[in-house]
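Scroll down for the structure; my scribbles are underneath it.
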Amino acid sequence: MDTLRKLFLITFFSKSILLTPIPIDIGFKWQEIIFPEPISAIDQRAAFYVDISSVFQDFQEDPLFFLDRKELLLEKIPLSTIEISLFDEEGRAILFKQQSFAFQEDKILVRLNAEEKIKVGEKYIKLKIRSAKDLQNISIIWKNYNL
């Protein structure tokens with residue numbers, strides 16, 4: 001996709017959607033979330049973000065946390081700990097795996113990227129999520145684009 005077209009789409013059609021208005025707990029068992037309205041992507045690299053701030057709430061008070069937070073995060077939640085399967089209307093699934101961490105103001109987010117390219121404009125109706133470690137009070141965010 002050319003840069004100008006992508007910039008246009010992101011400027012006018014980008015969305016970040018909170019899929020879990022009430023935080024949830026996840027563990028090794030798949031947990032299903034059905035969307036009230038289908039979601040879609042405007043970019044093949046759209047991604048999920050899982051807000052894990054509550055897991056590290058005690059650490060965030062420590063000023064040293066920000067110096068070595070990546071090491072602490074990787075120790076507590078290694079890469080590929082969290083997985084999401086996103087399902088289209090036909091029941092086909094795309095697997096998303098944990099790739100990196102992101103930080104926004106006082107939030108700690110886990111970014112999950114698709115294992116394959118996402119079809120732009122395809123409607124997705126539900127997801128299933130699991131984690132190799134029990135995580136409490138997490139929120140799931142869908143960004144229909146990637147810069």
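Chains: A, B, ... in order of the structure tokens. Residues: from 1 per chain. Ligands: from 1, in order shown.
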Inset, instruction - Identify, with DSSP run on backbone atoms, the residues in chain A assigned to alpha helix (DSSP H), and express the list as a VMD selection string. - result: chain A and resid 3 to 13 57 to 60 69 to 76
Write out the residues from the selection above, keeping N, CA and C atoms, as a PDB file, in the first residue's frame.
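Writing done, so here's out-v1.pdb:
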ATOM      1  N   THR A   3       2.242   4.949   0.670  1.00  0.00           N
ATOM      2  CA  THR A   3       2.296   5.710   1.908  1.00  0.00           C
ATOM      3  C   THR A   3       1.182   6.733   2.032  1.00  0.00           C
ATOM      4  N   LEU A   4       0.888   7.442   0.963  1.00  0.00           N
ATOM      5  CA  LEU A   4      -0.141   8.473   1.005  1.00  0.00           C
ATOM      6  C   LEU A   4      -1.521   7.872   1.276  1.00  0.00           C
ATOM      7  N   ARG A   5      -1.826   6.760   0.627  1.00  0.00           N
ATOM      8  CA  ARG A   5      -3.121   6.096   0.849  1.00  0.00           C
ATOM      9  C   ARG A   5      -3.220   5.592   2.283  1.00  0.00           C
ATOM     10  N   LYS A   6      -2.145   5.005   2.784  1.00  0.00           N
ATOM     11  CA  LYS A   6      -2.137   4.499   4.153  1.00  0.00           C
ATOM     12  C   LYS A   6      -2.341   5.643   5.137  1.00  0.00           C
ATOM     13  N   LEU A   7      -1.669   6.753   4.929  1.00  0.00           N
ATOM     14  CA  LEU A   7      -1.824   7.920   5.794  1.00  0.00           C
ATOM     15  C   LEU A   7      -3.267   8.425   5.783  1.00  0.00           C
ATOM     16  N   PHE A   8      -3.881   8.453   4.607  1.00  0.00           N
ATOM     17  CA  PHE A   8      -5.279   8.872   4.480  1.00  0.00           C
ATOM     18  C   PHE A   8      -6.190   7.948   5.296  1.00  0.00           C
ATOM     19  N   LEU A   9      -6.025   6.632   5.129  1.00  0.00           N
ATOM     20  CA  LEU A   9      -6.854   5.669   5.846  1.00  0.00           C
ATOM     21  C   LEU A   9      -6.692   5.793   7.359  1.00  0.00           C
ATOM     22  N   ILE A  10      -5.461   5.924   7.809  1.00  0.00           N
ATOM     23  CA  ILE A  10      -5.212   6.036   9.239  1.00  0.00           C
ATOM     24  C   ILE A  10      -5.798   7.332   9.789  1.00  0.00           C
ATOM     25  N   THR A  11      -5.641   8.423   9.050  1.00  0.00           N
ATOM     26  CA  THR A  11      -6.144   9.714   9.510  1.00  0.00           C
ATOM     27  C   THR A  11      -7.662   9.703   9.696  1.00  0.00           C
ATOM     28  N   PHE A  12      -8.383   9.082   8.773  1.00  0.00           N
ATOM     29  CA  PHE A  12      -9.840   9.173   8.810  1.00  0.00           C
ATOM     30  C   PHE A  12     -10.564   7.923   9.311  1.00  0.00           C
ATOM     31  N   PHE A  13      -9.902   6.773   9.303  1.00  0.00           N
ATOM     32  CA  PHE A  13     -10.610   5.544   9.645  1.00  0.00           C
ATOM     33  C   PHE A  13      -9.956   4.714  10.752  1.00  0.00           C
ATOM     34  N   GLN A  57       1.167  -3.211  39.151  1.00  0.00           N
ATOM     35  CA  GLN A  57       0.799  -2.017  39.899  1.00  0.00           C
ATOM     36  C   GLN A  57       1.750  -1.745  41.064  1.00  0.00           C
ATOM     37  N   ASP A  58       2.151  -2.773  41.789  1.00  0.00           N
ATOM     38  CA  ASP A  58       3.070  -2.591  42.923  1.00  0.00           C
ATOM     39  C   ASP A  58       4.435  -2.092  42.472  1.00  0.00           C
ATOM     40  N   PHE A  59       4.895  -2.566  41.318  1.00  0.00           N
ATOM     41  CA  PHE A  59       6.212  -2.182  40.816  1.00  0.00           C
ATOM     42  C   PHE A  59       6.246  -0.753  40.293  1.00  0.00           C
ATOM     43  N   GLN A  60       5.126  -0.269  39.774  1.00  0.00           N
ATOM     44  CA  GLN A  60       5.098   1.046  39.137  1.00  0.00           C
ATOM     45  C   GLN A  60       5.394   2.175  40.110  1.00  0.00           C
ATOM     46  N   ARG A  69      12.551  -1.958  33.433  1.00  0.00           N
ATOM     47  CA  ARG A  69      11.213  -2.529  33.320  1.00  0.00           C
ATOM     48  C   ARG A  69      11.127  -3.626  32.269  1.00  0.00           C
ATOM     49  N   LYS A  70      11.851  -3.490  31.163  1.00  0.00           N
ATOM     50  CA  LYS A  70      11.755  -4.513  30.126  1.00  0.00           C
ATOM     51  C   LYS A  70      12.238  -5.868  30.646  1.00  0.00           C
ATOM     52  N   GLU A  71      13.331  -5.879  31.379  1.00  0.00           N
ATOM     53  CA  GLU A  71      13.846  -7.132  31.926  1.00  0.00           C
ATOM     54  C   GLU A  71      12.851  -7.739  32.915  1.00  0.00           C
ATOM     55  N   LEU A  72      12.261  -6.898  33.758  1.00  0.00           N
ATOM     56  CA  LEU A  72      11.279  -7.378  34.732  1.00  0.00           C
ATOM     57  C   LEU A  72      10.039  -7.920  34.022  1.00  0.00           C
ATOM     58  N   LEU A  73       9.588  -7.218  33.004  1.00  0.00           N
ATOM     59  CA  LEU A  73       8.419  -7.664  32.251  1.00  0.00           C
ATOM     60  C   LEU A  73       8.687  -9.012  31.583  1.00  0.00           C
ATOM     61  N   LEU A  74       9.848  -9.148  30.954  1.00  0.00           N
ATOM     62  CA  LEU A  74      10.184 -10.416  30.295  1.00  0.00           C
ATOM     63  C   LEU A  74      10.324 -11.560  31.293  1.00  0.00           C
ATOM     64  N   GLU A  75      10.762 -11.247  32.497  1.00  0.00           N
ATOM     65  CA  GLU A  75      10.881 -12.263  33.534  1.00  0.00           C
ATOM     66  C   GLU A  75       9.496 -12.735  33.978  1.00  0.00           C
ATOM     67  N   LYS A  76       8.577 -11.801  34.145  1.00  0.00           N
ATOM     68  CA  LYS A  76       7.230 -12.127  34.621  1.00  0.00           C
ATOM     69  C   LYS A  76       6.322 -12.653  33.511  1.00  0.00           C
TER      70      LYS A  76
END
Inset, instruction - Please provide as a PyMOL selection string all residues within 10 Å of Ile34 in chain A, with the sequence filter that same-chain residues fewer than 5 positions apart are discarded (counting only C-alpha atoms). - result: chain A and resi 19+87+124-128
Let me see the file: selected residues, all heavy atoms, as an mmCIF file, in the first residue's frame.
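Result written to selection_35.cif:
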data_model
loop_
_atom_site.group_PDB
_atom_site.id
_atom_site.type_symbol
_atom_site.label_atom_id
_atom_site.label_comp_id
_atom_site.auth_asym_id
_atom_site.auth_seq_id
_atom_site.Cartn_x
_atom_site.Cartn_y
_atom_site.Cartn_z
ATOM 1 N N LEU A 19 -12.158 -3.860 23.800
ATOM 2 C CA LEU A 19 -13.025 -5.022 23.631
ATOM 3 C C LEU A 19 -13.520 -5.595 24.951
ATOM 4 O O LEU A 19 -14.443 -6.409 24.958
ATOM 5 C CB LEU A 19 -12.297 -6.108 22.828
ATOM 6 C CG LEU A 19 -11.872 -5.691 21.415
ATOM 7 C CD1 LEU A 19 -11.010 -6.764 20.783
ATOM 8 C CD2 LEU A 19 -13.096 -5.400 20.553
ATOM 9 N N PHE A 87 -11.484 -14.726 14.987
ATOM 10 C CA PHE A 87 -12.323 -15.523 14.092
ATOM 11 C C PHE A 87 -13.172 -14.640 13.192
ATOM 12 O O PHE A 87 -13.813 -13.694 13.659
ATOM 13 C CB PHE A 87 -13.246 -16.437 14.908
ATOM 14 C CG PHE A 87 -12.511 -17.500 15.656
ATOM 15 C CD1 PHE A 87 -11.978 -17.234 16.912
ATOM 16 C CD2 PHE A 87 -12.327 -18.760 15.111
ATOM 17 C CE1 PHE A 87 -11.287 -18.207 17.615
ATOM 18 C CE2 PHE A 87 -11.638 -19.739 15.803
ATOM 19 C CZ PHE A 87 -11.114 -19.461 17.061
ATOM 20 N N TYR A 124 -14.581 -9.607 11.557
ATOM 21 C CA TYR A 124 -14.248 -10.578 12.591
ATOM 22 C C TYR A 124 -15.267 -10.450 13.715
ATOM 23 O O TYR A 124 -15.614 -9.340 14.127
ATOM 24 C CB TYR A 124 -12.821 -10.356 13.096
ATOM 25 C CG TYR A 124 -11.804 -10.532 11.993
ATOM 26 C CD1 TYR A 124 -11.311 -9.436 11.288
ATOM 27 C CD2 TYR A 124 -11.383 -11.800 11.623
ATOM 28 C CE1 TYR A 124 -10.401 -9.603 10.251
ATOM 29 C CE2 TYR A 124 -10.473 -11.976 10.583
ATOM 30 C CZ TYR A 124 -9.992 -10.875 9.909
ATOM 31 O OH TYR A 124 -9.100 -11.050 8.877
ATOM 32 N N ILE A 125 -15.736 -11.598 14.230
ATOM 33 C CA ILE A 125 -16.863 -11.576 15.149
ATOM 34 C C ILE A 125 -16.534 -11.991 16.583
ATOM 35 O O ILE A 125 -17.325 -11.735 17.488
ATOM 36 C CB ILE A 125 -18.010 -12.459 14.623
ATOM 37 C CG1 ILE A 125 -17.538 -13.898 14.424
ATOM 38 C CG2 ILE A 125 -18.565 -11.883 13.328
ATOM 39 C CD1 ILE A 125 -18.649 -14.901 14.153
ATOM 40 N N LYS A 126 -15.384 -12.636 16.784
ATOM 41 C CA LYS A 126 -15.035 -13.051 18.144
ATOM 42 C C LYS A 126 -13.545 -13.340 18.238
ATOM 43 O O LYS A 126 -12.849 -13.450 17.232
ATOM 44 C CB LYS A 126 -15.832 -14.279 18.575
ATOM 45 C CG LYS A 126 -15.432 -15.565 17.850
ATOM 46 C CD LYS A 126 -16.231 -16.755 18.352
ATOM 47 C CE LYS A 126 -15.824 -18.039 17.628
ATOM 48 N NZ LYS A 126 -16.563 -19.195 18.109
ATOM 49 N N LEU A 127 -13.096 -13.473 19.483
ATOM 50 C CA LEU A 127 -11.731 -13.898 19.732
ATOM 51 C C LEU A 127 -11.716 -14.900 20.863
ATOM 52 O O LEU A 127 -12.669 -14.997 21.635
ATOM 53 C CB LEU A 127 -10.823 -12.701 20.051
ATOM 54 C CG LEU A 127 -11.017 -11.916 21.354
ATOM 55 C CD1 LEU A 127 -10.456 -12.636 22.581
ATOM 56 C CD2 LEU A 127 -10.355 -10.567 21.228
ATOM 57 N N LYS A 128 -10.634 -15.636 20.921
ATOM 58 C CA LYS A 128 -10.344 -16.500 22.054
ATOM 59 C C LYS A 128 -8.955 -16.103 22.530
ATOM 60 O O LYS A 128 -8.060 -15.880 21.723
ATOM 61 C CB LYS A 128 -10.389 -17.980 21.671
ATOM 62 C CG LYS A 128 -11.785 -18.470 21.363
ATOM 63 C CD LYS A 128 -11.789 -19.958 21.080
ATOM 64 C CE LYS A 128 -13.204 -20.436 20.792
ATOM 65 N NZ LYS A 128 -13.247 -21.884 20.534
#
Inset, instruction - Determine which residues of chain A DSSP labels as strand (DSSP E) from the backbone of this structure, then write them out as a ChimeraX atom specification. - result: /A:16-18,24-26,31-39,47-51,82-88,93-104,107-114,124-131,135-143
Quick one: everything within 6 Å of Ile141 in chain A, counting only C-alpha atoms, minus sequence neighbours fewer than 5 positions away in the same chain. Send it as a PDB file with N, CA, C and O atoms, in the first residue's frame.
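Resulting contents of result23.pdb:
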ATOM      1  N   ILE A  17     -10.244   0.072  19.740  1.00  0.00           N
ATOM      2  CA  ILE A  17     -11.496  -0.364  20.350  1.00  0.00           C
ATOM      3  C   ILE A  17     -11.184  -1.176  21.609  1.00  0.00           C
ATOM      4  O   ILE A  17     -10.456  -2.173  21.546  1.00  0.00           O
ATOM      5  N   LEU A  18     -11.748  -0.743  22.726  1.00  0.00           N
ATOM      6  CA  LEU A  18     -11.627  -1.499  23.969  1.00  0.00           C
ATOM      7  C   LEU A  18     -12.642  -2.637  23.903  1.00  0.00           C
ATOM      8  O   LEU A  18     -13.850  -2.400  23.920  1.00  0.00           O
ATOM      9  N   LEU A  19     -12.158  -3.860  23.800  1.00  0.00           N
ATOM     10  CA  LEU A  19     -13.025  -5.022  23.631  1.00  0.00           C
ATOM     11  C   LEU A  19     -13.520  -5.595  24.951  1.00  0.00           C
ATOM     12  O   LEU A  19     -14.443  -6.409  24.958  1.00  0.00           O
ATOM     13  N   PHE A  48      -3.502  -6.516  18.369  1.00  0.00           N
ATOM     14  CA  PHE A  48      -4.137  -6.466  19.685  1.00  0.00           C
ATOM     15  C   PHE A  48      -3.128  -5.935  20.694  1.00  0.00           C
ATOM     16  O   PHE A  48      -1.923  -6.192  20.585  1.00  0.00           O
ATOM     17  N   TYR A  49      -3.642  -5.236  21.671  1.00  0.00           N
ATOM     18  CA  TYR A  49      -2.845  -4.794  22.816  1.00  0.00           C
ATOM     19  C   TYR A  49      -3.566  -5.267  24.062  1.00  0.00           C
ATOM     20  O   TYR A  49      -4.779  -5.083  24.187  1.00  0.00           O
TER      21      TYR A  49
END
Legend entry - A:Ile77, A:Ala114, A:Val50, A:Val55 ranked by distance to Ala93 in chain A, top pick (using only C-alpha atoms): A:Ala114
Legend entry - Best match for closeness to Thr81 in chain A among A:Ala47, A:Ala41, A:Ile33, A:Leu112, counting only C-alpha atoms: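 Among the listed residues, A:Leu112 lies closest to Thr81 in chain A.
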Legend entry - Interatomic distance (Å, one decimal) between CA of Glu116 in chain A and CA of Ile94 in chain A: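 Computing the Euclidean distance for CA of Glu116 in chain A and CA of Ile94 in chain A yields 7.1 Å.
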Legend entry - Point-to-point distance in Å for CA of Arg45 in chain A and CA of Ser139 in chain A: 20.3 Å
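In terms of minimum interatomic distance to Arg130 in chain A, A:Lys97 ranks closest within A:Lys97, A:Lys15, A:Lys117, A:Arg92, counting only C-alpha atoms.
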